[in-house]
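K.L.:
File follows, target.cif with mmCIF, C-alpha atoms:
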data_protein
#
loop_
_atom_site.label_atom_id
_atom_site.label_comp_id
_atom_site.auth_asym_id
_atom_site.auth_seq_id
_atom_site.Cartn_x
_atom_site.Cartn_y
_atom_site.Cartn_z
CA MET A 165 5.71 23.80 -12.52
CA LYS A 166 5.49 24.52 -16.21
CA GLU A 167 5.19 21.00 -17.57
CA THR A 168 1.59 19.89 -18.05
CA VAL A 169 1.03 16.67 -16.16
CA TYR A 170 -1.61 14.33 -17.58
CA ILE A 171 -3.05 11.46 -15.60
CA THR A 172 -3.14 8.74 -18.23
CA GLY A 173 -3.95 5.78 -16.01
CA ALA A 174 -5.70 5.25 -12.69
CA SER A 175 -6.62 2.17 -10.69
CA SER A 176 -8.13 1.53 -7.31
CA ILE A 177 -8.71 -1.36 -4.96
CA ASN A 178 -11.14 -0.03 -2.41
CA PRO A 179 -13.84 -1.22 0.00
CA LEU A 180 -16.58 -0.26 -2.48
CA SER A 181 -15.95 -3.41 -4.50
CA LEU A 182 -17.82 -6.37 -3.12
CA GLN A 183 -14.72 -8.51 -3.31
CA GLU A 184 -11.00 -8.05 -3.77
CA PRO A 185 -9.45 -8.89 -7.13
CA ASP A 186 -8.20 -12.41 -7.77
CA TYR A 187 -4.56 -11.62 -7.01
CA LYS A 188 -3.39 -14.80 -8.75
CA LEU A 189 -4.38 -13.26 -12.08
CA TYR A 190 -1.97 -10.36 -11.56
CA ILE A 191 0.82 -11.87 -9.47
CA THR A 192 1.08 -15.10 -11.36
CA ASP A 193 4.31 -16.46 -9.85
CA PRO A 194 3.31 -18.49 -6.77
CA ALA A 195 6.83 -18.14 -5.34
CA ALA A 196 6.56 -14.33 -5.47
CA ARG A 197 2.99 -14.35 -4.19
CA ARG A 198 3.37 -16.61 -1.21
CA ARG A 199 5.36 -14.17 0.93
CA MET A 200 3.14 -11.21 0.12
CA SER A 201 0.76 -9.99 2.78
CA ARG A 202 -2.63 -8.60 1.80
CA ALA A 203 -1.30 -5.03 1.75
CA VAL A 204 1.47 -5.98 -0.65
CA LYS A 205 -0.91 -7.89 -2.91
CA MET A 206 -3.33 -4.95 -2.92
CA GLY A 207 -0.62 -2.38 -3.70
CA VAL A 208 1.14 -4.46 -6.34
CA THR A 209 -2.12 -5.45 -8.05
CA ALA A 210 -3.37 -1.84 -8.15
CA ALA A 211 -0.04 -0.82 -9.72
CA LEU A 212 -0.18 -3.64 -12.29
CA GLN A 213 -3.79 -2.77 -13.14
CA CYS A 214 -2.73 0.84 -13.67
CA LEU A 215 0.16 -0.19 -15.91
CA SER A 216 -1.88 -2.72 -17.88
CA GLY A 217 -2.93 -0.19 -20.53
CA ALA A 218 0.35 1.69 -20.59
CA GLY A 219 2.55 1.37 -23.64
CA GLU A 220 5.82 2.27 -21.99
CA MET A 221 7.54 1.31 -18.77
CA PRO A 222 7.34 4.13 -16.19
CA GLY A 223 10.49 6.20 -15.71
CA ALA A 224 9.91 6.14 -11.95
CA ILE A 225 7.94 4.17 -9.37
CA ILE A 226 6.90 6.32 -6.43
CA THR A 227 4.90 4.77 -3.62
CA ALA A 228 3.28 6.24 -0.55
CA THR A 229 2.03 4.71 2.67
CA GLY A 230 1.21 6.00 6.12
CA LEU A 231 1.70 2.81 8.09
CA GLY A 232 3.26 0.39 5.62
CA CYS A 233 2.78 -3.36 5.70
CA LEU A 234 1.00 -3.55 9.01
CA SER A 235 0.15 -7.25 9.23
CA ASP A 236 3.80 -8.24 8.73
CA THR A 237 4.90 -5.63 11.26
CA GLU A 238 2.39 -7.02 13.75
CA LYS A 239 3.55 -10.58 13.08
CA PHE A 240 7.19 -9.61 13.59
CA LEU A 241 6.47 -7.73 16.83
CA ARG A 242 4.30 -10.56 18.14
CA ASN A 243 7.12 -13.04 17.46
CA LEU A 244 9.52 -10.72 19.23
CA ILE A 245 7.39 -10.80 22.39
CA GLU A 246 6.25 -14.42 22.29
CA ASN A 247 9.70 -15.84 21.53
CA LYS A 248 11.46 -13.51 23.94
CA GLU A 249 13.45 -11.79 21.20
CA GLU A 250 14.82 -15.09 19.89
CA LEU A 251 13.98 -17.38 16.95
CA LEU A 252 12.56 -14.57 14.85
CA ASN A 253 11.22 -15.45 11.42
CA PRO A 254 12.97 -13.46 8.68
CA THR A 255 9.99 -13.20 6.31
CA PRO A 256 7.71 -10.86 8.33
CA PHE A 257 10.71 -8.66 9.10
CA ILE A 258 11.74 -8.39 5.46
CA GLN A 259 8.17 -7.85 4.25
CA SER A 260 7.26 -5.33 6.94
CA THR A 261 9.41 -2.57 5.45
CA PHE A 262 7.54 0.35 3.93
CA ASN A 263 9.16 0.03 0.51
CA THR A 264 8.11 -3.60 0.00
CA VAL A 265 5.32 -2.63 -2.41
CA GLY A 266 7.48 -0.29 -4.49
CA SER A 267 10.26 -2.85 -4.76
CA GLN A 268 7.88 -5.70 -5.61
CA ILE A 269 6.36 -3.62 -8.41
CA ALA A 270 9.87 -2.98 -9.73
CA MET A 271 10.84 -6.65 -9.56
CA LEU A 272 7.63 -7.93 -11.15
CA THR A 273 7.81 -5.44 -14.00
CA LYS A 274 11.63 -5.69 -14.26
CA ASN A 275 11.85 -1.92 -13.85
CA ARG A 276 15.21 -0.54 -12.68
CA ALA A 277 14.17 3.12 -12.76
CA TYR A 278 14.01 5.55 -9.83
CA ASN A 279 12.12 3.91 -6.99
CA ASN A 280 11.13 5.73 -3.85
CA THR A 281 8.62 5.38 -1.04
CA TYR A 282 7.20 8.27 0.96
CA VAL A 283 6.11 7.66 4.53
CA HIS A 284 4.87 10.99 5.85
CA ARG A 285 1.71 10.09 7.75
CA GLY A 286 -1.24 12.10 6.35
CA ILE A 287 0.71 13.65 3.47
CA SER A 288 2.56 10.57 2.22
CA PHE A 289 0.56 10.39 -1.00
CA GLU A 290 0.80 14.10 -1.79
CA ASN A 291 4.57 13.98 -1.30
CA ALA A 292 4.81 11.06 -3.71
CA LEU A 293 2.65 12.99 -6.15
CA LEU A 294 4.84 16.07 -5.80
CA ASP A 295 7.95 14.00 -6.44
CA GLY A 296 6.36 12.57 -9.60
CA MET A 297 5.34 16.02 -10.84
CA MET A 298 8.83 17.37 -10.19
CA MET A 299 10.41 14.48 -12.07
CA LEU A 300 8.23 15.23 -15.08
CA ALA A 301 8.86 18.98 -14.79
CA GLY A 302 12.60 18.42 -14.57
CA GLY A 303 12.57 16.12 -17.58
CA GLU A 304 13.91 13.22 -15.53
CA ALA A 305 11.12 10.98 -16.76
CA GLU A 306 8.38 11.08 -19.38
CA ASN A 307 5.92 9.11 -17.30
CA VAL A 308 5.88 8.06 -13.68
CA LEU A 309 3.87 5.60 -11.64
CA VAL A 310 2.63 7.11 -8.39
CA GLY A 311 0.42 5.40 -5.89
CA SER A 312 -0.37 4.50 -2.34
CA TYR A 313 -1.47 1.56 -0.25
CA GLU A 314 -2.86 1.18 3.25
CA GLU A 315 -4.25 -1.87 5.00
CA LEU A 316 -6.57 -2.12 7.96
CA THR A 317 -5.88 -4.94 10.39
CA ALA A 318 -7.83 -6.11 13.43
CA THR A 319 -5.04 -4.78 15.67
CA SER A 320 -4.91 -1.34 14.05
CA PHE A 321 -8.71 -1.11 14.25
CA ASP A 322 -8.49 -1.98 17.95
CA ILE A 323 -5.75 0.61 18.59
CA GLN A 324 -7.66 3.34 16.72
CA SER A 325 -10.73 2.45 18.75
CA ARG A 326 -8.79 2.68 22.04
CA LEU A 327 -7.37 6.05 20.96
CA GLY A 328 -10.94 7.28 20.49
CA PHE A 329 -10.88 7.86 16.73
CA PHE A 330 -14.38 6.45 16.29
CA ARG A 331 -16.03 8.28 19.19
CA LYS A 332 -17.23 11.21 17.11
CA GLY A 333 -18.06 9.57 13.83
CA GLY A 334 -14.61 8.74 12.46
CA LYS A 335 -14.32 5.61 10.33
CA SER A 336 -11.31 3.45 9.59
CA GLY A 337 -10.51 2.37 6.09
CA GLU A 338 -8.00 0.95 3.64
CA GLY A 339 -7.25 0.92 -0.06
CA ALA A 340 -4.65 1.10 -2.80
CA GLN A 341 -4.67 3.57 -5.68
CA PHE A 342 -2.11 4.00 -8.46
CA PHE A 343 -1.75 6.59 -11.21
CA LEU A 344 0.31 6.94 -14.32
CA LEU A 345 1.41 10.53 -14.79
CA SER A 346 2.70 11.60 -18.16
CA ALA A 347 4.26 14.70 -19.64
CA LYS A 348 4.11 13.21 -23.13
CA GLU A 349 0.87 11.31 -23.57
CA LYS A 350 -2.35 13.29 -23.23
CA SER A 351 -5.55 12.43 -21.40
CA PRO A 352 -8.71 14.26 -20.30
CA CYS A 353 -7.36 14.81 -16.78
CA ILE A 354 -4.58 17.27 -15.99
CA LEU A 355 -2.99 17.27 -12.57
CA ARG A 356 -2.45 20.98 -12.41
CA ASP A 357 -1.07 21.67 -8.96
CA LEU A 358 -1.03 20.71 -5.32
CA ALA A 359 -0.43 22.55 -2.06
CA PHE A 360 0.18 21.73 1.58
CA ALA A 361 -0.73 23.53 4.80
CA PHE A 362 0.54 22.46 8.21
CA ARG A 363 -1.87 22.87 11.12
CA PRO A 364 -3.64 25.97 9.74
CA ALA A 365 -6.28 27.59 11.92
CA PRO A 366 -9.72 27.00 10.36
CA ASP A 367 -10.07 30.74 9.77
CA GLU A 368 -6.87 30.73 7.70
CA LEU A 369 -8.21 28.16 5.25
CA PRO A 370 -10.17 30.50 2.92
CA GLU A 371 -7.04 32.64 2.56
CA LYS A 372 -4.86 29.57 1.89
CA THR A 373 -7.34 28.36 -0.70
CA ALA A 374 -7.43 31.76 -2.40
CA ALA A 375 -3.61 31.90 -2.50
CA PHE A 376 -3.45 28.43 -4.07
CA LEU A 377 -6.01 29.38 -6.70
CA LEU A 378 -4.33 32.72 -7.37
CA LYS A 379 -1.03 30.94 -7.94
CA ASN A 380 -2.86 29.07 -10.68
CA LYS A 381 -4.47 32.28 -12.00
CA LEU A 382 -7.89 31.14 -10.85
CA LEU A 383 -10.75 32.48 -8.79
CA LYS A 384 -13.12 30.59 -6.50
CA THR A 385 -15.77 30.73 -9.20
CA ASP A 386 -13.46 28.80 -11.56
CA ILE A 387 -13.84 25.68 -9.42
CA ASP A 388 -16.71 23.54 -10.71
CA MET A 389 -16.55 20.73 -8.19
CA LEU A 390 -15.11 20.25 -4.72
CA ILE A 391 -14.12 16.79 -3.50
CA SER A 392 -14.15 17.12 0.24
CA GLY A 393 -12.55 14.76 2.74
CA ASP A 394 -15.36 15.25 5.22
CA GLY A 395 -16.37 11.80 6.36
CA GLY A 396 -18.68 12.66 9.23
CA ASN A 397 -16.05 12.89 11.97
CA GLU A 398 -17.13 15.74 14.25
CA GLU A 399 -13.56 16.31 15.40
CA GLU A 400 -12.46 17.05 11.84
CA PHE A 401 -15.56 18.80 10.61
CA THR A 402 -14.66 22.47 11.28
CA CYS A 403 -12.00 22.73 8.56
CA TYR A 404 -14.09 20.93 5.93
CA ASP A 405 -17.02 23.15 6.78
CA LYS A 406 -14.84 26.26 6.32
CA ILE A 407 -13.75 25.11 2.88
CA GLU A 408 -17.20 23.99 1.76
CA LYS A 409 -18.75 27.31 2.85
CA ASN A 410 -15.99 29.06 0.92
CA PHE A 411 -17.46 27.53 -2.25
CA PRO A 412 -21.20 28.05 -1.67
CA GLU A 413 -22.22 27.55 -5.30
CA THR A 414 -19.95 24.59 -6.02
CA PRO A 415 -21.18 20.98 -5.95
CA VAL A 416 -19.45 19.02 -3.19
CA VAL A 417 -18.60 15.33 -3.54
CA LYS A 418 -17.79 13.28 -0.43
CA TYR A 419 -16.42 9.74 -0.24
CA LYS A 420 -15.13 8.85 3.21
CA HIS A 421 -18.50 7.49 4.31
CA LEU A 422 -17.79 4.78 1.70
CA THR A 423 -14.02 4.31 1.98
CA GLY A 424 -13.34 5.16 5.61
CA ASP A 425 -10.38 7.31 6.57
CA TYR A 426 -6.69 6.49 6.38
CA GLN A 427 -3.39 8.29 5.91
CA THR A 428 -3.33 8.02 2.11
CA VAL A 429 -7.07 8.28 1.43
CA SER A 430 -6.61 11.40 -0.71
CA SER A 431 -5.38 9.02 -3.42
CA PHE A 432 -8.95 7.71 -3.55
CA ALA A 433 -10.21 11.30 -3.92
CA LEU A 434 -7.81 11.73 -6.83
CA TRP A 435 -8.96 8.46 -8.39
CA LEU A 436 -12.56 9.68 -8.05
CA GLY A 437 -11.60 13.00 -9.66
CA VAL A 438 -9.96 11.18 -12.58
CA GLN A 439 -13.11 9.07 -13.09
CA ILE A 440 -15.28 12.20 -13.10
CA MET A 441 -12.94 13.97 -15.55
CA GLY A 442 -13.29 11.04 -17.92
CA LYS A 443 -17.04 11.57 -18.29
CA ALA A 444 -18.49 13.38 -21.29
CA ASP A 445 -20.03 16.21 -19.25
CA SER A 446 -17.21 16.53 -16.75
CA PRO A 447 -16.53 19.74 -14.84
CA LYS A 448 -13.70 21.99 -16.00
CA ARG A 449 -11.89 22.07 -12.70
CA ILE A 450 -12.02 19.98 -9.55
CA LEU A 451 -10.47 20.97 -6.25
CA ILE A 452 -9.67 18.15 -3.83
CA TYR A 453 -9.31 19.15 -0.20
CA ASN A 454 -8.31 16.79 2.57
CA HIS A 455 -6.70 16.80 5.97
CA PHE A 456 -5.64 13.98 8.23
CA ARG A 457 -6.48 14.46 11.91
CA ASN A 458 -6.39 18.25 11.51
CA ILE A 459 -2.60 18.21 11.07
CA ASN A 460 -1.62 18.09 7.40
CA HIS A 461 -3.99 19.79 4.98
CA THR A 462 -3.71 19.37 1.23
CA PHE A 463 -5.22 20.78 -1.94
CA ILE A 464 -5.05 19.04 -5.31
CA LEU A 465 -6.22 20.84 -8.45
CA LEU A 466 -7.44 18.91 -11.47
CA GLU A 467 -8.33 20.38 -14.83
CA ASN A 468 -10.05 18.92 -17.85
CA SER A 469 -7.62 19.09 -20.79
CA LEU A 470 -10.43 20.06 -23.17
CA HIS A 471 -10.73 23.30 -21.21
CA HIS A 472 -7.02 23.72 -20.51
CA THR A 473 -6.01 27.40 -20.78
CA ILE A 474 -2.28 27.57 -20.06
CA MET B 187 2.45 -40.53 9.92
CA HIS B 188 1.07 -38.05 12.42
CA PHE B 189 4.58 -36.68 13.01
CA ILE B 190 5.21 -36.26 9.28
CA ASN B 191 1.89 -34.42 8.85
CA GLU B 192 2.73 -32.16 11.76
CA LEU B 193 6.12 -31.36 10.20
CA LYS B 194 4.50 -30.65 6.84
CA THR B 195 1.97 -28.34 8.53
CA HIS B 196 4.77 -26.39 10.23
CA ILE B 197 6.58 -26.05 6.88
CA ILE B 198 3.41 -24.89 5.12
CA GLU B 199 2.57 -22.35 7.82
CA GLU B 200 6.04 -20.93 8.42
CA LEU B 201 6.96 -20.77 4.73
CA ASN B 202 3.55 -19.39 3.69
CA LEU B 203 2.92 -22.27 1.29
CA GLU B 204 -0.79 -21.64 1.69
CA GLU B 205 -1.70 -23.03 -1.71
CA LEU B 206 -0.43 -26.46 -0.64
CA THR B 207 -2.00 -29.03 1.71
CA PRO B 208 0.05 -31.55 3.75
CA ASP B 209 -1.35 -34.38 1.57
CA GLU B 210 -0.16 -32.67 -1.62
CA MET B 211 3.40 -32.37 -0.29
CA ASP B 212 5.57 -35.15 -1.68
CA ILE B 213 7.72 -36.40 1.17
CA ASP B 214 10.63 -37.25 -1.16
CA ALA B 215 10.45 -34.27 -3.52
CA PRO B 216 13.49 -31.94 -3.42
CA LEU B 217 12.81 -28.80 -1.40
CA PHE B 218 15.22 -26.61 -3.39
CA GLY B 219 16.00 -26.12 -7.06
CA ASN B 220 13.68 -26.11 -10.03
CA GLU B 221 12.10 -29.45 -9.23
CA GLY B 222 9.87 -29.91 -6.21
CA LEU B 223 9.01 -26.95 -4.00
CA GLY B 224 11.61 -24.48 -5.33
CA LEU B 225 12.44 -22.97 -1.95
CA ASP B 226 15.13 -20.29 -1.55
CA SER B 227 17.71 -19.08 0.96
CA ILE B 228 15.19 -17.23 3.16
CA ASP B 229 13.29 -20.50 3.46
CA VAL B 230 16.43 -22.18 4.80
CA LEU B 231 16.35 -19.73 7.70
CA GLU B 232 12.68 -20.54 8.26
CA LEU B 233 13.42 -24.29 8.21
CA ILE B 234 16.24 -23.82 10.74
CA LEU B 235 13.77 -21.97 12.96
CA ILE B 236 11.20 -24.78 12.63
CA LEU B 237 13.77 -27.31 13.86
CA GLU B 238 14.77 -25.09 16.75
CA LYS B 239 11.32 -23.85 17.75
CA TYR B 240 9.30 -27.05 17.49
CA TYR B 241 11.89 -29.79 17.93
CA GLY B 242 14.65 -28.18 20.02
CA LEU B 243 17.32 -28.97 17.41
CA LYS B 244 20.14 -26.75 16.18
CA VAL B 245 21.74 -27.31 12.81
CA GLY B 246 25.51 -27.43 13.32
CA THR B 247 27.13 -26.55 10.00
CA PRO B 248 25.99 -25.42 6.52
CA GLU B 249 27.18 -28.78 5.17
CA GLU B 250 24.95 -30.57 7.66
CA GLY B 251 22.09 -28.28 6.62
CA LYS B 252 22.47 -29.28 2.97
CA GLN B 253 21.93 -32.91 3.89
CA ILE B 254 19.08 -32.27 6.31
CA PHE B 255 17.03 -29.97 4.09
CA ARG B 256 16.99 -32.10 0.94
CA SER B 257 13.39 -33.23 1.42
CA VAL B 258 10.66 -33.54 4.04
CA ARG B 259 11.82 -37.12 4.64
CA THR B 260 15.44 -36.11 5.34
CA ILE B 261 14.24 -33.48 7.81
CA ALA B 262 11.97 -36.02 9.49
CA ASP B 263 14.85 -38.54 9.68
CA TYR B 264 17.10 -35.91 11.24
CA ILE B 265 14.48 -35.04 13.85
CA THR B 266 13.86 -38.71 14.68
CA ALA B 267 17.57 -39.41 15.04
CA ASN B 268 18.40 -36.31 17.10
CA GLN B 269 15.35 -35.23 19.04
CA PRO B 270 16.04 -35.16 22.80
CA GLN B 271 14.08 -37.91 24.58
#
In structure tokens, how does this file's structure come out?

P.N.:
Amino acid sequence: MKETVYITGASSINPLSLQEPDYKLYITDPAARRRMSRAVKMGVTAALQCLSGAGEMPGAIITATGLGCLSDTEKFLRNLIENKEELLNPTPFIQSTFNTVGSQIAMLTKNRAYNNTYVHRGISFENALLDGMMMLAGGEAENVLVGSYEELTATSFDIQSRLGFFRKGGKSGEGAQFFLLSAKEKSPCILRDLAFAFRPAPDELPEKTAAFLLKNKLLKTDIDMLISGDGGNEEEFTCYDKIEKNFPETPVVKYKHLTGDYQTVSSFALWLGVQIMGKADSPKRILIYNHFRNINHTFILLENSLHHTI
Amino acid sequence: MHFINELKTHIIEELNLEELTPDEMDIDAPLFGNEGLGLDSIDVLELILILEKYYGLKVGTPEEGKQIFRSVRTIADYITANQPQ
């Protein structure tokens, strides 16, 4: 992609904050707010926070989620069982759809532009990001809002526990992150490229990394910081270890011990990268590597615009 | 009064009016339109479900519904007049 993509806005609602934002301050209409579940409030608020400093309306709203609005889905399914498939409340059904957050953002900001939601398990966010980058590259929009949301409920925690996800150090998590990507307005952080790998063998990872860097005319030594998705889960460690050992001299930043793991957690890694790029002594290039349950592996490359070479 | 409070609680819970308490709900205030609670068409479905689920009552026609769902009091009157003994 030839168009330089700047990340001009970034917001996050994550477990690191001691308390969630006061949603009333962002979603001021009580009628709109009352049907929103926590996931919707989180997603919409993160998007509105991201847009708060933006001068122009985004030319696209692209949302990602692995599991969607879980609490409403659970409520709907519980009603289905308890009421023997009769007398079903419409609200949880309507609100349980994956694109609820994207459509609520559009309605609250009166934005009629392209609106899409990606639901691709562990690569939902990266697909949304790719769509946004392609829209900018194709000149279909000058700036796009891209983000993700995921909520953790008591039921999903219970199911993950029964499936054994926590047996070897895995942690559950949740969060909502949104980004404003622009081809017009500049910022310190450039979203240079991203790549996917489906079920690679751990031994293939150094080669995949090298190919991704080569595509961007870079060498391993050009990477100044690695943001690794390793969160202490023994079952997922091998691939992270392969990547980290592939960059022996590069500082490694980890975050999942703070955020937990979820399908769209790489959006938190990107948010972290954007924060780091905004600092005065930021690295030139950051590589973000993540995989979800060893299935979908992704690389995101960030570059500081002050050092931009292409 | 207990019955009215119970009805208000069902309305608050099923319609997600969490910022409202039963005491704050004016029994005669219009449920729809700009005055009063400002409910919408999805709420009508929820109100129909409340009548069916908790009171065993089915609303016959849309015209009947318009009369029943004017206020909390009209709903309560409908339940009192039609609830199976």

K.L.:
Translate the PyMOL selection byres ((chain A) within 10 of (chain B)) into a concrete residue list for this structure, as a ChimeraX atom specification.

P.N.:
/A:194-195,197-201,247,250-255,258

K.L.:
Quick one: apply the PyMOL selection byres ((chain A and resi 204) around 9) to the file and drop the selected residues here as an mmCIF file with C-alpha atoms, keeping the file's coordinate frame.

P.N.:
data_model
loop_
_atom_site.group_PDB
_atom_site.id
_atom_site.type_symbol
_atom_site.label_atom_id
_atom_site.label_comp_id
_atom_site.auth_asym_id
_atom_site.auth_seq_id
_atom_site.Cartn_x
_atom_site.Cartn_y
_atom_site.Cartn_z
ATOM 1 C CA MET A 200 3.140 -11.210 0.120
ATOM 2 C CA SER A 201 0.760 -9.990 2.780
ATOM 3 C CA ARG A 202 -2.630 -8.600 1.800
ATOM 4 C CA ALA A 203 -1.300 -5.030 1.750
ATOM 5 C CA LYS A 205 -0.910 -7.890 -2.910
ATOM 6 C CA MET A 206 -3.330 -4.950 -2.920
ATOM 7 C CA GLY A 207 -0.620 -2.380 -3.700
ATOM 8 C CA VAL A 208 1.140 -4.460 -6.340
ATOM 9 C CA THR A 209 -2.120 -5.450 -8.050
ATOM 10 C CA CYS A 233 2.780 -3.360 5.700
ATOM 11 C CA GLN A 259 8.170 -7.850 4.250
ATOM 12 C CA THR A 264 8.110 -3.600 0.000
ATOM 13 C CA VAL A 265 5.320 -2.630 -2.410
ATOM 14 C CA GLN A 268 7.880 -5.700 -5.610
ATOM 15 C CA TYR A 313 -1.470 1.560 -0.250
#

K.L.:
Could you write out as a PDB file with C-alpha atoms, keeping the file's coordinate frame the residues that the PyMOL selection byres ((chain A and resi 341-351) around 8) matches in the shown file?

P.N.:
ATOM      1  CA  GLU A 167       5.190  21.000 -17.570  1.00  0.00           C
ATOM      2  CA  THR A 168       1.590  19.890 -18.050  1.00  0.00           C
ATOM      3  CA  VAL A 169       1.030  16.670 -16.160  1.00  0.00           C
ATOM      4  CA  TYR A 170      -1.610  14.330 -17.580  1.00  0.00           C
ATOM      5  CA  ILE A 171      -3.050  11.460 -15.600  1.00  0.00           C
ATOM      6  CA  THR A 172      -3.140   8.740 -18.230  1.00  0.00           C
ATOM      7  CA  GLY A 173      -3.950   5.780 -16.010  1.00  0.00           C
ATOM      8  CA  ALA A 174      -5.700   5.250 -12.690  1.00  0.00           C
ATOM      9  CA  SER A 175      -6.620   2.170 -10.690  1.00  0.00           C
ATOM     10  CA  SER A 176      -8.130   1.530  -7.310  1.00  0.00           C
ATOM     11  CA  ILE A 177      -8.710  -1.360  -4.960  1.00  0.00           C
ATOM     12  CA  GLY A 207      -0.620  -2.380  -3.700  1.00  0.00           C
ATOM     13  CA  ALA A 210      -3.370  -1.840  -8.150  1.00  0.00           C
ATOM     14  CA  ALA A 211      -0.040  -0.820  -9.720  1.00  0.00           C
ATOM     15  CA  CYS A 214      -2.730   0.840 -13.670  1.00  0.00           C
ATOM     16  CA  LEU A 215       0.160  -0.190 -15.910  1.00  0.00           C
ATOM     17  CA  PRO A 222       7.340   4.130 -16.190  1.00  0.00           C
ATOM     18  CA  GLY A 296       6.360  12.570  -9.600  1.00  0.00           C
ATOM     19  CA  MET A 297       5.340  16.020 -10.840  1.00  0.00           C
ATOM     20  CA  LEU A 300       8.230  15.230 -15.080  1.00  0.00           C
ATOM     21  CA  ALA A 301       8.860  18.980 -14.790  1.00  0.00           C
ATOM     22  CA  GLU A 306       8.380  11.080 -19.380  1.00  0.00           C
ATOM     23  CA  ASN A 307       5.920   9.110 -17.300  1.00  0.00           C
ATOM     24  CA  VAL A 308       5.880   8.060 -13.680  1.00  0.00           C
ATOM     25  CA  LEU A 309       3.870   5.600 -11.640  1.00  0.00           C
ATOM     26  CA  VAL A 310       2.630   7.110  -8.390  1.00  0.00           C
ATOM     27  CA  GLY A 311       0.420   5.400  -5.890  1.00  0.00           C
ATOM     28  CA  SER A 312      -0.370   4.500  -2.340  1.00  0.00           C
ATOM     29  CA  TYR A 313      -1.470   1.560  -0.250  1.00  0.00           C
ATOM     30  CA  GLY A 339      -7.250   0.920  -0.060  1.00  0.00           C
ATOM     31  CA  ALA A 340      -4.650   1.100  -2.800  1.00  0.00           C
ATOM     32  CA  PRO A 352      -8.710  14.260 -20.300  1.00  0.00           C
ATOM     33  CA  CYS A 353      -7.360  14.810 -16.780  1.00  0.00           C
ATOM     34  CA  ILE A 354      -4.580  17.270 -15.990  1.00  0.00           C
ATOM     35  CA  SER A 431      -5.380   9.020  -3.420  1.00  0.00           C
ATOM     36  CA  PHE A 432      -8.950   7.710  -3.550  1.00  0.00           C
ATOM     37  CA  TRP A 435      -8.960   8.460  -8.390  1.00  0.00           C
ATOM     38  CA  SER A 469      -7.620  19.090 -20.790  1.00  0.00           C
TER      39      SER A 469
END

K.L.:
When you draw a straight line from CA of Arg363 (chain A) to CA of Thr319 (chain A), how long is it in Å?

P.N.:
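These atoms are spaced 28.2 Å apart.
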
K.L.:
Within 6 Å of (-3.5, 10.8, 4.0), all atoms listed in the file: residues as a PyMOL selection string?

P.N.:
chain A and resi 286-287+426-430+456

K.L.:
I need the residue nearest Gly242 (chain B) from this list: B:Asn220, B:Thr266, B:Thr207, B:Thr260. Use all atoms listed in the file for the distance.

P.N.:
B:Thr266

K.L.:
Which protein, DNA or RNA residues have an atom at most 8 Å from (8.7, -36.8, -2.4), counting all atoms listed in the file? List them as a PDB file with C-alpha atoms, keeping the file's coordinate frame.

P.N.:
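Written file, part-v3.pdb:
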ATOM      1  CA  MET B 211       3.400 -32.370  -0.290  1.00  0.00           C
ATOM      2  CA  ASP B 212       5.570 -35.150  -1.680  1.00  0.00           C
ATOM      3  CA  ILE B 213       7.720 -36.400   1.170  1.00  0.00           C
ATOM      4  CA  ASP B 214      10.630 -37.250  -1.160  1.00  0.00           C
ATOM      5  CA  ALA B 215      10.450 -34.270  -3.520  1.00  0.00           C
ATOM      6  CA  PRO B 216      13.490 -31.940  -3.420  1.00  0.00           C
ATOM      7  CA  GLY B 222       9.870 -29.910  -6.210  1.00  0.00           C
ATOM      8  CA  SER B 257      13.390 -33.230   1.420  1.00  0.00           C
ATOM      9  CA  VAL B 258      10.660 -33.540   4.040  1.00  0.00           C
ATOM     10  CA  ARG B 259      11.820 -37.120   4.640  1.00  0.00           C
TER      11      ARG B 259
END

K.L.:
Do you know which residues are at most 12 Å from Ile261 (chain B) counting only C-alpha atoms, after dropping those on the same chain fewer than 6 positions away, and could you put them as a PyMOL selection string?

P.N.:
chain B and resi 189-190+193-194+197+213-217+230+233-234+236-237+241+243+245+250-255+267-269

K.L.:
So, counting all atoms listed in the file, which residue among A:Ile452, A:Met441, A:Leu316, A:Ile269 is closest to Phe360 (chain A)?

P.N.:
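Closest to Phe360 (chain A) of all the choices is A:Ile452.
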
K.L.:
By how many Å are CA of Glu338 (chain A) and CA of Gly266 (chain A) apart?

P.N.:
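These atoms are spaced 17.5 Å apart.
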